$ cat my_file17.tsv   # TSV, C-alpha atoms and all ligand atoms
chain	number	residue	atom	x	y	z
P	1	MET	CA	14.19	28.34	29.66
P	2	GLY	CA	10.78	27.31	28.44
P	3	ILE	CA	7.83	29.64	28.51
P	4	PHE	CA	6.45	28.06	31.72
P	5	GLN	CA	9.75	28.60	33.45
P	6	ILE	CA	9.91	32.23	32.41
P	7	LYS	CA	6.39	32.84	33.74
P	8	LEU	CA	7.14	31.01	36.95
P	9	LYS	CA	10.26	33.05	37.48
P	10	GLU	CA	8.28	36.22	36.93
P	11	LEU	CA	5.65	35.19	39.44
P	12	LYS	CA	8.26	34.21	41.99
P	13	SER	CA	10.04	37.53	41.72
P	14	LYS	CA	6.70	39.31	42.14
P	15	LEU	CA	6.14	37.28	45.28
P	16	ASP	CA	9.55	38.29	46.63
P	17	GLU	CA	8.73	41.89	45.89
P	18	ALA	CA	5.37	41.62	47.64
P	19	ARG	CA	7.04	40.15	50.73
P	20	GLY	CA	9.53	43.04	50.73
P	21	ASN	CA	6.67	45.54	50.43
P	22	LEU	CA	4.87	43.85	53.31
P	23	GLU	CA	7.87	44.29	55.59
P	24	ALA	CA	8.22	47.92	54.55
P	25	ALA	CA	4.54	48.61	55.19
P	26	GLN	CA	4.78	47.01	58.66
P	27	ARG	CA	7.86	49.09	59.50
P	28	GLN	CA	5.94	52.23	58.55
P	29	TYR	CA	2.93	51.15	60.63
P	30	ASP	CA	0.79	51.22	57.46
P	31	TYR	CA	-1.49	48.41	58.56
P	32	ASN	CA	-4.07	48.83	55.81
P	33	LYS	CA	-1.47	48.39	53.14
P	34	ALA	CA	0.20	45.54	55.04
P	35	ALA	CA	-3.12	43.67	55.33
P	36	GLU	CA	-3.83	44.18	51.65
P	37	ILE	CA	-0.50	42.64	50.75
P	38	GLN	CA	-0.59	39.90	53.36
P	39	TYR	CA	-4.14	38.69	52.76
P	40	GLY	CA	-4.64	39.71	49.13
P	41	GLU	CA	-1.60	39.93	46.96
P	42	ILE	CA	0.62	37.28	48.54
P	43	PRO	CA	-1.95	34.43	48.70
P	44	SER	CA	-3.07	35.10	45.14
P	45	LEU	CA	0.52	34.99	43.87
P	46	GLU	CA	1.20	31.84	45.88
P	47	SER	CA	-1.78	30.10	44.39
P	48	ALA	CA	-0.82	31.19	40.85
P	49	ILE	CA	2.65	29.75	41.41
P	50	GLU	CA	1.24	26.51	42.75
P	51	GLN	CA	-1.10	26.22	39.76
P	52	MET	CA	1.69	26.88	37.30
P	53	GLU	CA	3.99	24.35	38.97
P	54	MET	CA	1.24	21.75	38.70
P	55	GLU	CA	0.81	22.46	35.00
P	56	VAL	CA	4.53	22.16	34.43
P	57	ARG	CA	4.63	18.82	36.23
P	58	GLU	CA	1.65	17.49	34.30
P	59	ASN	CA	3.35	18.37	31.09
P	60	TYR	CA	6.43	16.45	32.06
P	61	GLU	CA	4.45	13.38	33.06
P	62	GLY	CA	2.81	13.56	29.64
P	63	GLY	CA	6.22	13.19	28.10
P	64	THR	CA	7.19	16.65	26.95
P	65	PHE	CA	10.19	18.34	28.45
P	66	PRO	CA	11.35	21.91	28.23
P	67	PRO	CA	14.08	22.54	25.71
P	68	MET	CA	16.56	25.31	26.25
P	69	GLY	CA	16.31	28.22	23.78
P	70	CYS	CA	17.23	25.88	20.94
P	71	ARG	CA	16.17	22.27	20.50
P	72	SER	CA	18.30	20.44	23.03
P	73	HIS	CA	16.56	18.67	25.86
P	74	LEU	CA	18.04	17.07	28.91
P	75	SER	CA	16.72	13.54	28.95
P	76	PRO	CA	14.30	13.22	31.87
P	77	ASN	CA	15.88	12.42	35.19
P	78	LYS	CA	14.31	12.17	38.64
P	79	ASP	CA	15.86	13.10	41.97
P	80	GLU	CA	15.98	10.81	45.00
P	81	TYR	CA	12.39	11.77	45.90
P	82	GLY	CA	11.03	10.73	42.48
P	83	ASN	CA	10.52	14.29	41.21
P	84	TYR	CA	11.76	15.45	37.84
P	85	LYS	CA	14.81	17.61	38.12
P	86	TRP	CA	15.59	20.02	35.29
P	87	TYR	CA	17.77	22.76	36.63
P	88	GLY	CA	21.35	22.44	37.65
P	89	ARG	CA	21.73	19.66	35.11
P	90	PHE	CA	23.84	19.80	31.97
P	91	ASN	CA	25.13	17.98	28.92
P	92	GLN	CA	28.67	16.63	28.78
P	93	GLY	CA	28.93	16.85	25.02
P	94	VAL	CA	27.71	15.72	21.61
P	95	VAL	CA	29.32	13.61	18.92
P	96	SER	CA	27.40	13.45	15.64
P	97	ILE	CA	27.44	10.61	13.18
P	98	ASN	CA	27.71	11.26	9.44
P	99	LEU	CA	24.94	8.97	8.16
P	100	PRO	CA	25.28	9.65	4.41
P	101	GLN	CA	28.94	8.64	4.42
P	102	ILE	CA	28.01	5.18	5.68
P	103	GLY	CA	25.48	4.89	2.86
P	104	ILE	CA	28.06	6.01	0.31
P	105	LEU	CA	30.50	3.35	1.52
P	106	ALA	CA	27.84	0.61	1.63
P	107	LYS	CA	26.74	1.35	-1.96
P	108	GLY	CA	23.22	0.04	-1.41
P	109	ASP	CA	24.39	-3.20	0.27
P	110	MET	CA	22.24	-3.44	3.40
P	111	ASP	CA	24.41	-5.93	5.27
P	112	LYS	CA	27.43	-3.79	4.67
P	113	PHE	CA	25.49	-0.71	5.79
P	114	TRP	CA	24.47	-2.16	9.16
P	115	ARG	CA	27.98	-3.44	9.75
P	116	ILE	CA	29.68	-0.09	9.10
P	117	PHE	CA	26.91	1.68	10.99
P	118	ASP	CA	27.65	-0.37	14.12
P	119	GLU	CA	31.38	0.26	13.80
P	120	ARG	CA	30.79	4.00	13.53
P	121	LEU	CA	28.40	3.97	16.46
P	122	GLU	CA	31.05	2.28	18.59
P	123	LEU	CA	33.47	4.99	17.53
P	124	CYS	CA	30.99	7.69	18.61
P	125	LYS	CA	30.55	6.00	21.96
P	126	GLU	CA	34.30	5.83	22.42
P	127	ALA	CA	34.68	9.52	21.55
P	128	LEU	CA	31.96	10.44	24.02
P	129	LEU	CA	33.61	8.38	26.73
P	130	VAL	CA	36.92	10.15	26.07
P	131	ARG	CA	35.16	13.41	26.81
P	132	HIS	CA	33.45	11.98	29.88
P	133	ASN	CA	36.71	10.61	31.22
P	134	LEU	CA	38.46	13.92	30.64
P	135	LEU	CA	35.81	15.66	32.72
P	136	LYS	CA	36.30	13.26	35.61
P	137	GLY	CA	38.37	14.69	38.42
P	138	THR	CA	37.54	18.27	37.46
P	139	LYS	CA	37.42	20.41	40.57
P	140	SER	CA	34.57	22.79	41.32
P	141	ASP	CA	37.17	25.58	41.51
P	142	VAL	CA	37.56	25.70	37.70
P	143	SER	CA	34.38	27.76	37.53
P	144	PRO	CA	33.00	28.73	40.92
P	145	ILE	CA	29.93	30.41	39.45
P	146	HIS	CA	28.87	27.10	37.88
P	147	TRP	CA	29.93	24.52	40.40
P	148	GLN	CA	29.99	26.34	43.72
P	149	HIS	CA	27.55	29.26	43.51
P	150	GLY	CA	24.58	27.39	42.12
P	151	ALA	CA	24.51	28.00	38.35
P	152	ILE	CA	24.87	24.24	38.06
P	153	ALA	CA	25.57	23.02	41.58
P	154	ARG	CA	26.65	23.99	45.07
P	155	LEU	CA	29.72	21.88	45.61
P	156	GLU	CA	32.43	22.54	48.17
P	157	LYS	CA	35.68	24.24	47.24
P	158	GLY	CA	38.10	21.61	45.97
P	159	GLU	CA	35.34	19.06	45.49
P	160	VAL	CA	35.35	17.10	42.21
P	161	ILE	CA	32.31	17.21	39.91
P	162	ASP	CA	32.34	13.44	39.30
P	163	ARG	CA	29.03	12.55	40.95
P	164	LEU	CA	27.25	15.00	38.63
P	165	LEU	CA	28.64	13.13	35.63
P	166	GLU	CA	27.13	9.81	36.63
P	167	GLY	CA	23.70	8.21	36.75
P	168	GLY	CA	21.98	10.28	34.06
P	169	TYR	CA	22.15	13.49	36.10
P	170	SER	CA	23.96	14.99	33.13
P	171	THR	CA	23.58	13.74	29.59
P	172	VAL	CA	25.93	12.48	26.89
P	173	SER	CA	24.54	12.90	23.39
P	174	LEU	CA	24.78	10.98	20.17
P	175	GLY	CA	23.80	13.27	17.31
P	176	TYR	CA	22.98	12.41	13.70
P	177	VAL	CA	23.13	14.31	10.43
P	178	GLY	CA	21.66	13.64	6.99
P	179	LEU	CA	19.08	10.90	7.43
P	180	CYS	CA	17.52	12.05	4.17
P	181	GLU	CA	20.76	11.77	2.18
P	182	LEU	CA	21.40	8.36	3.71
P	183	SER	CA	18.09	7.18	2.31
P	184	TYR	CA	19.09	8.48	-1.13
P	185	THR	CA	22.42	6.63	-1.00
P	186	MET	CA	20.85	3.31	-0.03
P	187	LEU	CA	17.52	3.36	-1.83
P	188	GLY	CA	17.69	6.17	-4.36
P	189	VAL	CA	14.71	7.89	-2.74
P	190	SER	CA	14.29	10.26	0.18
P	191	HIS	CA	12.95	9.27	3.60
P	192	THR	CA	9.74	11.11	2.75
P	193	THR	CA	8.67	8.14	0.55
P	194	PRO	CA	7.13	5.03	2.19
P	195	GLU	CA	10.15	2.89	1.32
P	196	GLY	CA	12.62	5.49	2.55
P	197	GLU	CA	10.62	6.14	5.68
P	198	LYS	CA	10.60	2.49	6.69
P	199	PHE	CA	14.38	2.26	6.39
P	200	ALA	CA	15.00	5.64	8.03
P	201	LEU	CA	12.84	4.71	11.02
P	202	GLU	CA	14.82	1.50	11.45
P	203	VAL	CA	17.97	3.62	11.51
P	204	MET	CA	16.46	5.92	14.15
P	205	ASN	CA	15.32	2.98	16.21
P	206	HIS	CA	18.78	1.46	16.06
P	207	MET	CA	20.52	4.64	17.23
P	208	ARG	CA	18.06	5.03	20.08
P	209	ALA	CA	18.48	1.38	21.10
P	210	LYS	CA	22.26	1.86	21.11
P	211	CYS	CA	21.94	4.88	23.41
P	212	ASP	CA	19.70	2.89	25.76
P	213	GLU	CA	22.15	0.00	25.70
P	214	TRP	CA	25.13	2.29	26.47
P	215	LYS	CA	23.17	3.90	29.26
P	216	LYS	CA	22.56	0.53	30.90
P	217	GLU	CA	26.11	-0.57	30.39
P	218	THR	CA	27.84	2.57	31.70
P	219	GLY	CA	25.23	4.20	33.93
P	220	LEU	CA	25.77	7.45	32.02
P	221	GLY	CA	22.95	9.57	30.59
P	222	PHE	CA	23.33	8.65	26.92
P	223	GLY	CA	20.65	10.19	24.72
P	224	LEU	CA	19.92	10.61	21.02
P	225	TYR	CA	19.97	14.16	19.70
P	226	GLY	CA	18.76	15.60	16.39
P	227	THR	CA	21.88	17.67	15.78
P	228	PRO	CA	21.31	21.20	14.43
P	229	ALA	CA	24.75	20.90	12.80
P	230	GLU	CA	25.03	24.60	12.05
P	231	ASN	CA	28.57	24.07	10.80
P	232	LEU	CA	28.58	20.33	10.37
P	233	ILE	CA	26.02	20.19	7.53
P	234	TYR	CA	28.61	22.08	5.49
P	235	ARG	CA	31.72	20.33	6.77
P	236	PHE	CA	30.47	16.75	6.31
P	237	CYS	CA	29.18	17.57	2.84
P	238	ARG	CA	32.40	19.29	1.78
P	239	LEU	CA	34.58	16.41	3.01
P	240	ASP	CA	32.45	13.78	1.31
P	241	LYS	CA	32.33	15.76	-1.92
P	242	GLN	CA	36.15	15.90	-1.91
P	243	ARG	CA	36.39	12.19	-1.25
P	244	PHE	CA	33.55	10.73	-3.31
P	245	GLY	CA	32.67	13.46	-5.80
P	246	GLU	CA	29.25	14.90	-6.52
P	247	ILE	CA	26.53	12.38	-5.82
P	248	PRO	CA	23.04	13.53	-6.83
P	249	ASN	CA	20.87	14.49	-3.85
P	250	VAL	CA	23.70	13.59	-1.48
P	251	THR	CA	26.81	15.72	-1.99
P	252	ASP	CA	25.72	17.89	-4.91
P	253	ARG	CA	24.77	20.84	-2.70
P	254	GLU	CA	26.79	22.79	-0.17
P	255	PHE	CA	25.06	21.14	2.77
P	256	LEU	CA	23.51	17.99	4.13
P	257	THR	CA	20.12	17.90	5.78
P	258	ASN	CA	19.91	18.64	9.46
P	259	SER	CA	18.97	15.56	11.61
P	260	HIS	CA	15.88	13.73	10.27
P	261	HIS	CA	14.37	16.77	8.58
P	262	VAL	CA	12.68	16.88	5.22
P	263	PRO	CA	15.34	18.54	3.05
P	264	VAL	CA	14.84	22.29	2.90
P	265	TRP	CA	14.63	22.19	-0.91
P	266	HIS	CA	11.73	19.69	-1.05
P	267	GLU	CA	8.49	21.22	-2.31
P	268	ILE	CA	6.14	20.14	0.44
P	269	GLY	CA	3.11	21.63	2.20
P	270	ILE	CA	3.05	22.55	5.89
P	271	PHE	CA	0.79	19.76	7.06
P	272	GLU	CA	2.51	17.11	5.01
P	273	LYS	CA	5.90	18.20	6.34
P	274	LEU	CA	4.63	17.87	9.89
P	275	GLU	CA	3.21	14.41	9.12
P	276	VAL	CA	6.46	13.21	7.59
P	277	GLU	CA	8.63	14.39	10.48
P	278	ALA	CA	6.35	13.46	13.39
P	279	PRO	CA	7.22	9.72	13.59
P	280	PHE	CA	10.93	10.56	13.74
P	281	CYS	CA	10.45	12.85	16.75
P	282	LYS	CA	9.70	9.90	19.01
P	283	TYR	CA	13.31	8.78	19.13
P	284	PRO	CA	15.59	11.69	20.12
P	285	THR	CA	15.29	12.06	23.90
P	286	GLY	CA	18.09	14.62	23.71
P	287	GLY	CA	15.87	16.93	21.67
P	288	CYS	CA	14.87	17.71	18.12
P	289	ILE	CA	12.92	20.39	16.35
P	290	THR	CA	10.21	20.47	13.71
P	291	TYR	CA	9.90	23.70	11.86
P	292	VAL	CA	7.89	25.18	9.06
P	293	GLU	CA	9.18	28.01	6.95
P	294	LEU	CA	6.61	30.70	6.18
P	295	ASP	CA	6.58	33.86	4.21
P	296	THR	CA	5.63	37.15	5.77
P	297	THR	CA	2.12	37.28	4.31
P	298	PHE	CA	1.19	33.95	5.82
P	299	ILE	CA	1.93	35.00	9.36
P	300	LYS	CA	-0.75	37.68	9.20
P	301	ASN	CA	-3.29	34.85	8.96
P	302	THR	CA	-3.48	33.99	12.67
P	303	LYS	CA	-6.29	31.46	12.21
P	304	ALA	CA	-4.12	29.41	9.87
P	305	ILE	CA	-1.19	29.58	12.27
P	306	GLU	CA	-3.45	28.33	15.04
P	307	GLN	CA	-4.43	25.35	12.89
P	308	VAL	CA	-0.79	24.52	12.27
P	309	ILE	CA	-0.02	24.62	15.98
P	310	ASP	CA	-3.08	22.54	16.93
P	311	TYR	CA	-2.34	19.97	14.28
P	312	ALA	CA	1.29	19.62	15.31
P	313	PHE	CA	0.67	19.30	19.04
P	314	LYS	CA	-2.77	17.72	19.33
P	315	GLU	CA	-2.85	15.40	16.34
P	316	LEU	CA	0.78	14.55	15.76
P	317	ASP	CA	2.25	14.93	19.24
P	318	ILE	CA	5.26	16.80	17.92
P	319	PRO	CA	7.43	17.75	20.90
P	320	TYR	CA	8.86	21.04	19.70
P	321	LEU	CA	7.54	23.16	16.86
P	322	ALA	CA	9.06	26.27	15.38
P	323	ILE	CA	7.56	28.62	12.86
P	324	ASN	CA	10.14	30.56	10.91
P	325	PHE	CA	9.31	33.72	9.03
P	326	PRO	CA	11.35	36.66	7.88
P	327	ILE	CA	11.11	40.04	9.52
P	328	ASP	CA	12.93	42.73	7.61
P	329	ALA	CA	12.63	46.27	8.80
P	330	CYS	CA	13.59	49.55	7.17
P	331	LEU	CA	15.50	51.60	9.71
P	332	ASP	CA	14.59	54.81	7.83
P	333	CYS	CA	10.84	54.60	7.23
P	334	GLY	CA	9.93	51.69	9.51
P	335	TYR	CA	8.40	49.52	6.76
P	336	GLN	CA	8.32	45.80	7.65
P	337	GLY	CA	8.14	42.82	5.34
P	338	GLU	CA	10.54	40.60	3.50
P	339	PHE	CA	13.03	42.32	1.26
P	340	ASN	CA	16.50	41.62	0.07
P	341	ASP	CA	18.74	44.61	-0.45
P	342	ALA	CA	16.61	47.70	-0.18
P	343	CYS	CA	13.35	48.90	1.32
P	344	PRO	CA	10.53	48.60	-1.26
P	345	GLU	CA	8.84	51.67	0.23
P	346	CYS	CA	11.60	54.27	0.34
P	347	GLY	CA	14.52	52.52	-1.32
P	348	SER	CA	16.76	52.86	1.74
P	349	THR	CA	19.50	50.27	2.15
P	350	ASP	CA	19.64	50.88	5.88
P	351	ILE	CA	17.72	47.73	6.67
P	352	GLN	CA	17.73	45.15	9.40
P	353	GLN	CA	17.05	41.52	8.56
P	354	LEU	CA	15.90	39.16	11.26
P	355	ARG	CA	15.90	35.45	10.50
P	356	ARG	CA	15.40	32.37	12.54
P	357	VAL	CA	18.11	30.33	10.90
P	358	THR	CA	18.53	27.88	13.74
P	359	GLY	CA	17.35	28.04	17.33
P	360	TYR	CA	17.86	31.75	17.79
P	361	LEU	CA	16.97	34.88	15.92
P	362	THR	CA	19.85	36.04	13.80
P	363	GLY	CA	20.51	39.54	12.55
P	364	ASN	CA	22.57	38.92	9.46
P	365	TYR	CA	22.86	35.25	8.57
P	366	LYS	CA	25.40	36.04	5.89
P	367	THR	CA	27.98	36.93	8.47
P	368	ALA	CA	26.74	34.71	11.28
P	369	PHE	CA	26.99	31.38	9.43
P	370	ASN	CA	29.34	29.51	7.13
P	371	LYS	CA	28.88	29.10	3.38
P	372	GLY	CA	27.01	25.80	3.65
P	373	LYS	CA	24.51	27.13	6.14
P	374	GLN	CA	23.96	30.27	4.04
P	375	ALA	CA	23.29	28.10	0.99
P	376	GLU	CA	20.88	26.04	3.07
P	377	VAL	CA	18.97	29.14	4.16
P	378	GLU	CA	18.73	30.31	0.57
P	379	ALA	CA	17.48	26.90	-0.60
P	380	ARG	CA	14.67	26.79	1.97
P	381	VAL	CA	11.30	26.30	0.35
P	382	LYS	CA	8.48	28.27	1.96
P	383	HIS	CA	5.75	25.90	3.09
P	384	SER	CA	2.14	26.65	2.46
I	401	ZN	ZN	11.97	52.41	3.99

$ encode --input "my_file17.tsv" --output "structure tokens" --more "lines below"
Ligand SMILES: [Zn+2]
Amino acid sequence: MGIFQIKLKELKSKLDEARGNLEAAQRQYDYNKAAEIQYGEIPSLESAIEQMEMEVRENYEGGTFPPMGCRSHLSPNKDEYGNYKWYGRFNQGVVSINLPQIGILAKGDMDKFWRIFDERLELCKEALLVRHNLLKGTKSDVSPIHWQHGAIARLEKGEVIDRLLEGGYSTVSLGYVGLCELSYTMLGVSHTTPEGEKFALEVMNHMRAKCDEWKKETGLGFGLYGTPAENLIYRFCRLDKQRFGEIPNVTDREFLTNSHHVPVWHEIGIFEKLEVEAPFCKYPTGGCITYVELDTTFIKNTKAIEQVIDYAFKELDIPYLAINFPIDACLDCGYQGEFNDACPECGSTDIQQLRRVTGYLTGNYKTAFNKGKQAEVEARVKHS
């Protein structure tokens, strides 16, 4: 749920409460209180809700859509009355394409690259359709809370979910991993250089065009998705290292770069990172994220943080920004900062480490993620 939705929900539950209190006051013949609620509290809540709903709608018309807690978006879809519908919708699945492997196989030959790329894209489409077809004929009874009681829909008992799979009501996502490494394999430079950027944007444009084409052809909600690849950045890299050996800037680490991101190990400033990633954010309708990695001291400078946020949203039109910073706390003396094994104040090892490794806050990333992801976290350059 986005922040607007959380606020709206809060307001709506306050309104329900006020209505309950009104009834109670009337039952107790407390007319003063009842009038206060009926003519004061309730109208003011109703108008706040109306205002907030208008803001939410305006936002959507402007082209930004609420992600769930992480980066994934449902591609926009309107109901039969022409209004955006966000809730009760869902994603049927993601298949992610290993971009660097195509570059490795093409060995810098552009014609070969585009040919293999198209073959792989067809394979992704096929895999996604397998999943879609498997879902067809599923009865609402498999999970009543989702399909019958409103978490997703209110279907009849025994009804199949098929109509919710069609017409873009639910989405089908093509994900991508390692755009940066692909650029290295084909051009010897990253996609943060002008030459690399031009090529990488063509790749993005092609994937997006494919999704649009598939959507037209099948009527299904195909969308492009900047895969977080929490496990996949490790898996793809490991498999390609086994098969092709260590290729500098491609398979010589334990991980590939997530979606179209600037690699975590690049020394780059905050504003420059935002500028490099912004043009890529136009393509993934299924969601993507732009993050900056800060150290603890930086976050105390609220003015600077405000500038980062303004620049990202107002100047660059970045759809979803995240600011990552470490919060380590000593459970003995309460000291907060960034520390590794022990509290610098009292030396206690009873510490809690909070990190935003991916979409969610993580307690201990060393147990929550695989080796590749841990190596990626450790390689992250702090942006300043
Ligand atoms: Zn301490």

$ axis_aligned_box --input "my_file17.tsv" --around "stretch 330-337 of chain P" --padding-each-side "5 Å" --output "lines of an AutoDock Vina configuration file"
center_x = 11.8
center_y = 48.8
center_z = 7.5
size_x = 17.4
size_y = 22.0
size_z = 14.4

$ residues_near_ligand --input "my_file17.tsv" --ligand "ligand ZN 401 (chain I)" --cutoff "7 Å" --atoms "only C-alpha atoms and all ligand atoms" --output "list in words"
Cys330, Leu331, Asp332, Cys333, Gly334, Tyr335, Cys343, Pro344, Glu345, Cys346, Gly347 and Ser348 of chain P

$ closest_residue --input "my_file17.tsv" --among "P:Phe222, P:Tyr29, P:Phe369, P:Tyr291" --to "P:Val262" --atoms "only C-alpha atoms"
P:Tyr291

$ atom_distance --input "my_file17.tsv" --atom1 "atom CA of P:Trp114" --atom2 "atom CA of P:Tyr225"
19.9 Å

$ residues_around --input "my_file17.tsv" --residues "stretch 248-261 of chain P" --least-positions-apart "4" --cutoff "9 Å" --atoms "only C-alpha atoms" --output "ChimeraX atom specification"
/P:100,104,175-182,184-185,188,190-191,200,204,225-230,232-238,240-241,244,273,276-277,280-281,288-291,371-373,375-376

$ atom_distance --input "my_file17.tsv" --atom1 "atom CA of P:Leu239" --atom2 "atom CA of P:His206"
25.4 Å

$ atom_distance --input "my_file17.tsv" --atom1 "atom CA of P:Ile49" --atom2 "atom CA of P:Lys85"
17.5 Å

$ build_atoms --input "my_file17.tsv" --residues "stretch 78-103 of chain P" --atoms "N, CA and C atoms" --output "JSON list (two decimals), keeping the file's coordinate frame"
[["chain", "number", "residue", "atom", "x", "y", "z"],
["P", 78, "LYS", "N", 15.01, 11.86, 37.39],
["P", 78, "LYS", "CA", 14.31, 12.17, 38.64],
["P", 78, "LYS", "C", 15.30, 12.20, 39.80],
["P", 79, "ASP", "N", 14.99, 13.02, 40.79],
["P", 79, "ASP", "CA", 15.86, 13.10, 41.97],
["P", 79, "ASP", "C", 15.53, 11.94, 42.93],
["P", 80, "GLU", "N", 16.17, 11.94, 44.08],
["P", 80, "GLU", "CA", 15.98, 10.81, 45.00],
["P", 80, "GLU", "C", 14.58, 10.72, 45.57],
["P", 81, "TYR", "N", 13.77, 11.80, 45.41],
["P", 81, "TYR", "CA", 12.39, 11.77, 45.90],
["P", 81, "TYR", "C", 11.41, 11.44, 44.78],
["P", 82, "GLY", "N", 11.92, 11.11, 43.59],
["P", 82, "GLY", "CA", 11.03, 10.73, 42.48],
["P", 82, "GLY", "C", 10.46, 11.92, 41.73],
["P", 83, "ASN", "N", 10.99, 13.12, 41.96],
["P", 83, "ASN", "CA", 10.52, 14.29, 41.21],
["P", 83, "ASN", "C", 11.48, 14.60, 40.07],
["P", 84, "TYR", "N", 10.90, 15.06, 38.95],
["P", 84, "TYR", "CA", 11.76, 15.45, 37.84],
["P", 84, "TYR", "C", 12.67, 16.59, 38.26],
["P", 85, "LYS", "N", 13.89, 16.51, 37.85],
["P", 85, "LYS", "CA", 14.81, 17.61, 38.12],
["P", 85, "LYS", "C", 15.34, 18.13, 36.79],
["P", 86, "TRP", "N", 15.18, 19.42, 36.57],
["P", 86, "TRP", "CA", 15.59, 20.02, 35.29],
["P", 86, "TRP", "C", 16.73, 20.99, 35.43],
["P", 87, "TYR", "N", 16.80, 21.68, 36.55],
["P", 87, "TYR", "CA", 17.77, 22.76, 36.63],
["P", 87, "TYR", "C", 18.99, 22.30, 37.39],
["P", 88, "GLY", "N", 20.11, 22.88, 37.03],
["P", 88, "GLY", "CA", 21.35, 22.44, 37.65],
["P", 88, "GLY", "C", 21.91, 21.22, 36.94],
["P", 89, "ARG", "N", 21.22, 20.80, 35.88],
["P", 89, "ARG", "CA", 21.73, 19.66, 35.11],
["P", 89, "ARG", "C", 22.39, 20.19, 33.83],
["P", 90, "PHE", "N", 23.07, 19.32, 33.14],
["P", 90, "PHE", "CA", 23.84, 19.80, 31.97],
["P", 90, "PHE", "C", 24.17, 18.65, 31.05],
["P", 91, "ASN", "N", 24.74, 18.99, 29.90],
["P", 91, "ASN", "CA", 25.13, 17.98, 28.92],
["P", 91, "ASN", "C", 26.66, 17.94, 28.85],
["P", 92, "GLN", "N", 27.20, 16.75, 28.81],
["P", 92, "GLN", "CA", 28.67, 16.63, 28.78],
["P", 92, "GLN", "C", 29.25, 16.82, 27.38],
["P", 93, "GLY", "N", 28.42, 16.64, 26.37],
["P", 93, "GLY", "CA", 28.93, 16.85, 25.02],
["P", 93, "GLY", "C", 28.15, 16.05, 23.98],
["P", 94, "VAL", "N", 28.37, 16.38, 22.72],
["P", 94, "VAL", "CA", 27.71, 15.72, 21.61],
["P", 94, "VAL", "C", 28.76, 15.24, 20.61],
["P", 95, "VAL", "N", 28.56, 14.05, 20.09],
["P", 95, "VAL", "CA", 29.32, 13.61, 18.92],
["P", 95, "VAL", "C", 28.29, 13.21, 17.88],
["P", 96, "SER", "N", 28.41, 13.73, 16.67],
["P", 96, "SER", "CA", 27.40, 13.45, 15.64],
["P", 96, "SER", "C", 27.93, 12.50, 14.58],
["P", 97, "ILE", "N", 27.07, 11.62, 14.17],
["P", 97, "ILE", "CA", 27.44, 10.61, 13.18],
["P", 97, "ILE", "C", 27.04, 11.09, 11.77],
["P", 98, "ASN", "N", 27.95, 10.87, 10.82],
["P", 98, "ASN", "CA", 27.71, 11.26, 9.44],
["P", 98, "ASN", "C", 27.02, 10.08, 8.74],
["P", 99, "LEU", "N", 25.70, 10.10, 8.71],
["P", 99, "LEU", "CA", 24.94, 8.97, 8.16],
["P", 99, "LEU", "C", 25.16, 8.78, 6.65],
["P", 100, "PRO", "N", 25.12, 9.85, 5.85],
["P", 100, "PRO", "CA", 25.28, 9.65, 4.41],
["P", 100, "PRO", "C", 26.58, 8.96, 4.04],
["P", 101, "GLN", "N", 27.66, 9.24, 4.78],
["P", 101, "GLN", "CA", 28.94, 8.64, 4.42],
["P", 101, "GLN", "C", 28.87, 7.11, 4.54],
["P", 102, "ILE", "N", 28.15, 6.63, 5.51],
["P", 102, "ILE", "CA", 28.01, 5.18, 5.68],
["P", 102, "ILE", "C", 27.26, 4.60, 4.47],
["P", 103, "GLY", "N", 26.23, 5.33, 4.05],
["P", 103, "GLY", "CA", 25.48, 4.89, 2.86],
["P", 103, "GLY", "C", 26.34, 4.90, 1.61]]
